[in-house]
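One file, upload14.pdb, carrying PDB, C-alpha atoms and all ligand atoms:
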```pdb
ATOM      1  CA  MET A1388      20.514 -25.353  75.449  1.00  0.00           C
ATOM      2  CA  ASN A1389      21.479 -25.336  71.790  1.00  0.00           C
ATOM      3  CA  ARG A1390      24.421 -23.547  70.187  1.00  0.00           C
ATOM      4  CA  GLU A1391      22.489 -20.421  69.229  1.00  0.00           C
ATOM      5  CA  GLU A1392      21.097 -20.041  72.742  1.00  0.00           C
ATOM      6  CA  ILE A1393      24.568 -20.455  74.223  1.00  0.00           C
ATOM      7  CA  LEU A1394      26.019 -17.816  71.907  1.00  0.00           C
ATOM      8  CA  LYS A1395      23.284 -15.346  72.843  1.00  0.00           C
ATOM      9  CA  LYS A1396      24.161 -15.744  76.519  1.00  0.00           C
ATOM     10  CA  TYR A1397      27.507 -14.051  75.885  1.00  0.00           C
ATOM     11  CA  GLU A1398      28.610 -10.665  74.648  1.00  0.00           C
ATOM     12  CA  PRO A1399      30.304 -11.183  71.279  1.00  0.00           C
ATOM     13  CA  THR A1400      33.808 -10.381  72.505  1.00  0.00           C
ATOM     14  CA  ARG A1401      36.981 -12.413  72.156  1.00  0.00           C
ATOM     15  CA  GLU A1402      37.326 -12.647  75.968  1.00  0.00           C
ATOM     16  CA  ASN A1403      34.319 -14.955  75.981  1.00  0.00           C
ATOM     17  CA  LEU A1404      35.805 -17.433  73.531  1.00  0.00           C
ATOM     18  CA  LEU A1405      36.859 -20.034  76.115  1.00  0.00           C
ATOM     19  CA  TYR A1406      33.548 -19.853  77.983  1.00  0.00           C
ATOM     20  CA  ILE A1407      31.559 -20.221  74.784  1.00  0.00           C
ATOM     21  CA  LEU A1408      33.600 -23.182  73.549  1.00  0.00           C
ATOM     22  CA  HIS A1409      33.308 -24.816  76.950  1.00  0.00           C
ATOM     23  CA  ASP A1410      29.517 -24.411  77.083  1.00  0.00           C
ATOM     24  CA  ILE A1411      28.958 -25.630  73.536  1.00  0.00           C
ATOM     25  CA  GLN A1412      31.149 -28.679  74.046  1.00  0.00           C
ATOM     26  CA  ASP A1413      29.470 -29.440  77.349  1.00  0.00           C
ATOM     27  CA  SER A1414      25.997 -29.215  75.829  1.00  0.00           C
ATOM     28  CA  LYS A1415      26.709 -32.044  73.406  1.00  0.00           C
ATOM     29  CA  ASN A1416      26.457 -35.747  74.142  1.00  0.00           C
ATOM     30  CA  GLU A1417      29.646 -36.421  72.198  1.00  0.00           C
ATOM     31  CA  LYS A1418      31.558 -33.719  74.158  1.00  0.00           C
ATOM     32  CA  TYR A1419      33.312 -32.219  71.184  1.00  0.00           C
ATOM     33  CA  LEU A1420      33.327 -29.138  68.968  1.00  0.00           C
ATOM     34  CA  SER A1421      32.221 -29.761  65.401  1.00  0.00           C
ATOM     35  CA  GLU A1422      33.340 -27.816  62.360  1.00  0.00           C
ATOM     36  CA  GLU A1423      29.929 -26.068  62.356  1.00  0.00           C
ATOM     37  CA  ASP A1424      30.427 -25.054  65.990  1.00  0.00           C
ATOM     38  CA  LEU A1425      33.834 -23.544  65.246  1.00  0.00           C
ATOM     39  CA  VAL A1426      32.517 -21.611  62.266  1.00  0.00           C
ATOM     40  CA  ALA A1427      29.471 -20.371  64.197  1.00  0.00           C
ATOM     41  CA  VAL A1428      31.672 -19.153  67.054  1.00  0.00           C
ATOM     42  CA  SER A1429      34.092 -17.398  64.709  1.00  0.00           C
ATOM     43  CA  ARG A1430      31.194 -15.608  62.984  1.00  0.00           C
ATOM     44  CA  TYR A1431      29.611 -14.605  66.269  1.00  0.00           C
ATOM     45  CA  LEU A1432      32.841 -13.218  67.706  1.00  0.00           C
ATOM     46  CA  LYS A1433      33.988 -11.846  64.357  1.00  0.00           C
ATOM     47  CA  ILE A1434      37.359 -13.545  64.603  1.00  0.00           C
ATOM     48  CA  SER A1435      38.957 -15.919  62.140  1.00  0.00           C
ATOM     49  CA  ARG A1436      38.052 -19.590  62.051  1.00  0.00           C
ATOM     50  CA  SER A1437      41.731 -20.454  62.372  1.00  0.00           C
ATOM     51  CA  GLU A1438      41.947 -18.533  65.640  1.00  0.00           C
ATOM     52  CA  VAL A1439      39.006 -20.489  67.036  1.00  0.00           C
ATOM     53  CA  VAL A1440      40.481 -23.773  65.768  1.00  0.00           C
ATOM     54  CA  GLY A1441      43.826 -22.816  67.323  1.00  0.00           C
ATOM     55  CA  VAL A1442      42.228 -22.371  70.738  1.00  0.00           C
ATOM     56  CA  ALA A1443      40.056 -25.492  70.419  1.00  0.00           C
ATOM     57  CA  THR A1444      43.070 -27.639  69.590  1.00  0.00           C
ATOM     58  CA  PHE A1445      45.522 -26.004  72.028  1.00  0.00           C
ATOM     59  CA  TYR A1446      43.654 -26.751  75.244  1.00  0.00           C
ATOM     60  CA  THR A1447      43.356 -30.413  76.193  1.00  0.00           C
ATOM     61  CA  MET A1448      39.930 -29.753  77.731  1.00  0.00           C
ATOM     62  CA  PHE A1449      38.547 -29.262  74.217  1.00  0.00           C
ATOM     63  CA  SER A1450      38.184 -31.854  71.503  1.00  0.00           C
ATOM     64  CA  VAL A1451      37.387 -31.532  67.824  1.00  0.00           C
ATOM     65  CA  LYS A1452      36.718 -35.270  67.642  1.00  0.00           C
ATOM     66  CA  LYS A1453      33.573 -36.960  68.946  1.00  0.00           C
ATOM     67  CA  ARG A1454      34.014 -38.321  72.434  1.00  0.00           C
ATOM     68  CA  GLY A1455      32.073 -40.389  74.947  1.00  0.00           C
ATOM     69  CA  GLN A1456      29.457 -39.111  77.336  1.00  0.00           C
ATOM     70  CA  HIS A1457      32.023 -39.003  80.156  1.00  0.00           C
ATOM     71  CA  ILE A1458      35.653 -37.989  79.851  1.00  0.00           C
ATOM     72  CA  ILE A1459      38.080 -39.798  82.128  1.00  0.00           C
ATOM     73  CA  ARG A1460      41.361 -37.956  82.659  1.00  0.00           C
ATOM     74  CA  VAL A1461      44.069 -39.927  84.399  1.00  0.00           C
ATOM     75  CA  CYS A1462      46.912 -37.981  85.946  1.00  0.00           C
ATOM     76  CA  VAL A1463      50.282 -38.999  84.499  1.00  0.00           C
ATOM     77  CA  SER A1464      52.491 -36.513  86.374  1.00  0.00           C
ATOM     78  CA  PRO A1465      55.357 -37.866  88.519  1.00  0.00           C
ATOM     79  CA  PRO A1466      53.722 -37.739  91.995  1.00  0.00           C
ATOM     80  CA  CYS A1467      50.838 -39.873  90.729  1.00  0.00           C
ATOM     81  CA  GLN A1468      53.207 -42.124  88.792  1.00  0.00           C
ATOM     82  CA  LEU A1469      55.182 -42.758  91.975  1.00  0.00           C
ATOM     83  CA  MET A1470      51.994 -43.866  93.677  1.00  0.00           C
ATOM     84  CA  GLY A1471      51.049 -46.359  90.980  1.00  0.00           C
ATOM     85  CA  GLY A1472      49.489 -44.119  88.346  1.00  0.00           C
ATOM     86  CA  ASN A1473      50.735 -46.407  85.578  1.00  0.00           C
ATOM     87  CA  THR A1474      48.979 -49.404  87.020  1.00  0.00           C
ATOM     88  CA  ILE A1475      45.785 -47.370  87.258  1.00  0.00           C
ATOM     89  CA  PHE A1476      46.033 -46.214  83.668  1.00  0.00           C
ATOM     90  CA  ASN A1477      46.697 -49.770  82.446  1.00  0.00           C
ATOM     91  CA  TYR A1478      43.811 -51.072  84.489  1.00  0.00           C
ATOM     92  CA  LEU A1479      41.448 -48.511  82.976  1.00  0.00           C
ATOM     93  CA  ARG A1480      42.648 -49.343  79.461  1.00  0.00           C
ATOM     94  CA  LYS A1481      41.997 -53.017  80.117  1.00  0.00           C
ATOM     95  CA  THR A1482      38.648 -52.546  81.870  1.00  0.00           C
ATOM     96  CA  LEU A1483      37.263 -50.172  79.272  1.00  0.00           C
ATOM     97  CA  GLY A1484      38.887 -51.974  76.323  1.00  0.00           C
ATOM     98  CA  VAL A1485      40.314 -48.768  74.852  1.00  0.00           C
ATOM     99  CA  LYS A1486      43.652 -47.074  74.312  1.00  0.00           C
ATOM    100  CA  GLU A1487      44.419 -43.523  75.357  1.00  0.00           C
ATOM    101  CA  GLY A1488      42.279 -41.072  73.370  1.00  0.00           C
ATOM    102  CA  GLU A1489      39.718 -43.713  72.421  1.00  0.00           C
ATOM    103  CA  THR A1490      36.041 -44.015  73.282  1.00  0.00           C
ATOM    104  CA  THR A1491      34.304 -47.159  74.526  1.00  0.00           C
ATOM    105  CA  SER A1492      32.050 -48.930  72.031  1.00  0.00           C
ATOM    106  CA  ASP A1493      28.934 -47.873  73.988  1.00  0.00           C
ATOM    107  CA  ASN A1494      30.099 -44.229  73.733  1.00  0.00           C
ATOM    108  CA  MET A1495      30.019 -43.964  77.501  1.00  0.00           C
ATOM    109  CA  PHE A1496      33.673 -43.119  78.290  1.00  0.00           C
ATOM    110  CA  THR A1497      36.651 -41.529  76.571  1.00  0.00           C
ATOM    111  CA  LEU A1498      39.999 -42.219  78.209  1.00  0.00           C
ATOM    112  CA  GLU A1499      42.554 -39.399  78.290  1.00  0.00           C
ATOM    113  CA  SER A1500      45.691 -38.535  80.197  1.00  0.00           C
ATOM    114  CA  SER A1501      46.294 -35.305  82.025  1.00  0.00           C
ATOM    115  CA  SER A1502      49.116 -33.518  83.775  1.00  0.00           C
ATOM    116  CA  CYS A1503      48.785 -32.828  87.516  1.00  0.00           C
ATOM    117  CA  LEU A1504      45.159 -32.429  88.548  1.00  0.00           C
ATOM    118  CA  GLY A1505      46.164 -30.538  91.683  1.00  0.00           C
ATOM    119  CA  VAL A1506      45.257 -33.266  94.158  1.00  0.00           C
ATOM    120  CA  CYS A1507      48.674 -34.956  94.578  1.00  0.00           C
ATOM    121  CA  ALA A1508      47.925 -35.639  98.259  1.00  0.00           C
ATOM    122  CA  VAL A1509      45.452 -38.296  97.140  1.00  0.00           C
ATOM    123  CA  ALA A1510      47.577 -39.732  94.315  1.00  0.00           C
ATOM    124  CA  PRO A1511      47.000 -41.627  92.121  1.00  0.00           C
ATOM    125  CA  ALA A1512      44.121 -39.542  90.840  1.00  0.00           C
ATOM    126  CA  MET A1513      41.754 -39.119  87.916  1.00  0.00           C
ATOM    127  CA  MET A1514      38.820 -36.937  86.992  1.00  0.00           C
ATOM    128  CA  ILE A1515      35.576 -37.965  85.362  1.00  0.00           C
ATOM    129  CA  ASP A1516      34.075 -34.836  83.822  1.00  0.00           C
ATOM    130  CA  ASP A1517      34.258 -32.331  86.725  1.00  0.00           C
ATOM    131  CA  GLN A1518      34.532 -34.835  89.509  1.00  0.00           C
ATOM    132  CA  MET A1519      37.822 -35.812  91.144  1.00  0.00           C
ATOM    133  CA  PHE A1520      38.697 -39.302  92.367  1.00  0.00           C
ATOM    134  CA  GLY A1521      41.810 -40.058  94.427  1.00  0.00           C
ATOM    135  CA  ASN A1522      43.625 -42.886  96.228  1.00  0.00           C
ATOM    136  CA  LEU A1523      42.704 -45.050  93.270  1.00  0.00           C
ATOM    137  CA  THR A1524      42.989 -48.822  93.267  1.00  0.00           C
ATOM    138  CA  PRO A1525      41.664 -51.299  90.699  1.00  0.00           C
ATOM    139  CA  GLU A1526      38.806 -52.146  93.096  1.00  0.00           C
ATOM    140  CA  LYS A1527      37.876 -48.492  93.474  1.00  0.00           C
ATOM    141  CA  ILE A1528      37.906 -48.058  89.718  1.00  0.00           C
ATOM    142  CA  ASP A1529      35.566 -51.014  89.296  1.00  0.00           C
ATOM    143  CA  GLU A1530      33.156 -49.409  91.757  1.00  0.00           C
ATOM    144  CA  ILE A1531      33.309 -46.008  90.076  1.00  0.00           C
ATOM    145  CA  ILE A1532      32.824 -47.369  86.559  1.00  0.00           C
ATOM    146  CA  THR A1533      29.947 -49.557  87.703  1.00  0.00           C
ATOM    147  CA  ARG A1534      28.315 -46.579  89.394  1.00  0.00           C
ATOM    148  CA  TYR A1535      28.474 -44.534  86.175  1.00  0.00           C
ATOM    149  CA  ARG A1536      27.130 -47.384  84.093  1.00  0.00           C
ATOM    150  CA  GLU A1537      24.286 -47.979  86.570  1.00  0.00           C
ATOM    151  CA  LYS A1538      23.442 -44.274  86.538  1.00  0.00           C
ATOM    152  CA  LYS A1539      23.017 -44.522  82.791  1.00  0.00           C
ATOM    153  CA  ASN A1540      20.817 -47.575  83.011  1.00  0.00           C
ATOM    154  CA  GLY A1541      18.922 -46.492  86.106  1.00  0.00           C
TER     155      GLY A1541
HETATM  156  S1  LIG B1601      50.554 -35.374  90.182  1.00  0.00           S
HETATM  157 FE1  LIG B1601      48.660 -36.329  89.986  1.00  0.00          FE
HETATM  158  S2  LIG B1601      47.331 -34.959  90.945  1.00  0.00           S
HETATM  159 FE2  LIG B1601      49.228 -33.978  91.081  1.00  0.00          FE
END
```

Would you write the structure of this file as structure tokens?
Amino acid sequence: MNREEILKKYEPTRENLLYILHDIQDSKNEKYLSEEDLVAVSRYLKISRSEVVGVATFYTMFSVKKRGQHIIRVCVSPPCQLMGGNTIFNYLRKTLGVKEGETTSDNMFTLESSSCLGVCAVAPAMMIDDQMFGNLTPEKIDEIITRYREKKNG
């Protein structure tokens, strides 16, 4: 679905701003909101561009920079940290060859941090897009990353 089709799905009211931004971002391979997207949304909802930009930059789920096809969010809140969250984050940085906020050279993954993902019982945890992964170990991460890469190639 392209941007115009997404906009038409919603009544042009401010209450729909988050849903619209979410759908537009999700529809794009680079998982981000471009300047054109922000302007189009502000025109459609008849609100200022700066209000739309404010929302798009306030919530960590949105990005105004191009990102990879999959967004990895690693929990950095204390319960996960206590269970080895730091090791997990370092391992991901090393495996993917990126720093926090960066995208892999094949544009497959962007690595981000997140506060509590709400699954502390299975700490340390991360999300890839909408899917949760817990009880993480370096071995488990290898498996998960390989699975995503195989999905792409298969
Ligand atoms: S602290 Fe990591 S999921 Fe809650």

Exercise. Which polymer residues have any atom within 9 Å of an atom of Glu1499 (chain A), counting all atoms listed in the file, with same-chain residues fewer than 5 positions away left out, as an NGL selection string?
Worked result: :A and (1458-1462 or 1486-1489)

For this session: Name the residues captured by the PyMOL selection byres (((not hetatm)) within 10 of (chain B and resi 1601)) when it is applied to the shown file; answer as a PyMOL selection string.
Result: chain A and resi 1461-1470+1472+1501-1514+1519-1521

For this session: Record the distance separating CA of Asp1493 (chain A) and CA of Gly1455 (chain A), expressed in Å with one decimal.
Result: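 These two atoms are separated by 8.2 Å.
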
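Ranking A:Gln1412, A:Lys1538, A:Val1439, A:Arg1401 by their shortest atom-to-atom distance to Asn1389 (chain A), with all atoms listed in the file included, puts A:Gln1412 first.
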
Exercise. Which residue, A:Asn1522, A:Ser1450, A:Thr1482, A:Thr1400, has the smallest gap to Ser1421 (chain A) when you use only C-alpha atoms?
Worked result: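 Answer, going by the shortest atom-to-atom distance: A:Ser1450.
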
Problem set entry | Output check: residues returned by the PyMOL selection byres (((chain A and resi 1451) around 7) and not hetatm), as number ranges by chain | A: 1419-1421, 1449-1450, 1452-1453

Using all atoms of region 1454-1472 of chain A listed in the file and a margin of 6 Å per side, can you give the axis-aligned box centre and edge lengths in Å to one decimal, as lines of an AutoDock Vina configuration file?
```
center_x = 42.4
center_y = -41.4
center_z = 83.1
size_x = 37.9
size_y = 21.8
size_z = 33.2
```

For this session: Work out how far CA of Arg1536 (chain A) is from CA of Asp1410 (chain A), in Å to one decimal.
Result: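 CA of Arg1536 (chain A) lies at a distance of 24.1 Å from CA of Asp1410 (chain A).
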
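Here the question is which of A:Ile1407, A:Ser1492, A:Ile1515, A:Lys1395 gets nearest to Arg1534 (chain A) using only C-alpha atoms, and that residue is A:Ile1515.
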
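Of the residues under consideration (A:Val1485, A:Leu1523, A:Ile1531, A:Leu1432), A:Leu1523 shows the shortest atom-to-atom contact distance to Gly1471 (chain A) when counting all atoms listed in the file.
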
Problem set entry | Nearest candidate to Ala1443 (chain A) (options A:His1409, A:Lys1415, A:Arg1430, A:Lys1396; using only C-alpha atoms) | A:His1409

For this session: Rank A:Ile1475, A:Ile1528, A:Leu1394, A:Met1448 by their smallest atom-to-atom distance to Leu1425 (chain A), using all atoms listed in the file, and report the top residue only.
Result: A:Leu1394

Exercise. Any idea what the distance is between CA of Glu1398 (chain A) and CA of Ala1427 (chain A)?
Worked result: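 Distance between the two atoms: 14.3 Å.
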
For this session: Could you give me, as number ranges by chain, the residues within 9 Å of Asp1424 (chain A), counting all atoms listed in the file and dropping anything in the same chain fewer than 5 positions from it?
Result: A: 1390, 1408, 1411-1412, 1429

For this session: Would you kindly translate the PyMOL selection byres (((chain A and resi 1496) around 6) and not hetatm) into the concrete residues it picks from this file, as a list in words?
Result: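 Taken on the displayed file, the PyMOL selection byres (((chain A and resi 1496) around 6) and not hetatm) yields the residues Gly1455, Gln1456, His1457, Ile1458, Thr1490, Thr1491, Asn1494, Met1495 and Thr1497 of chain A.
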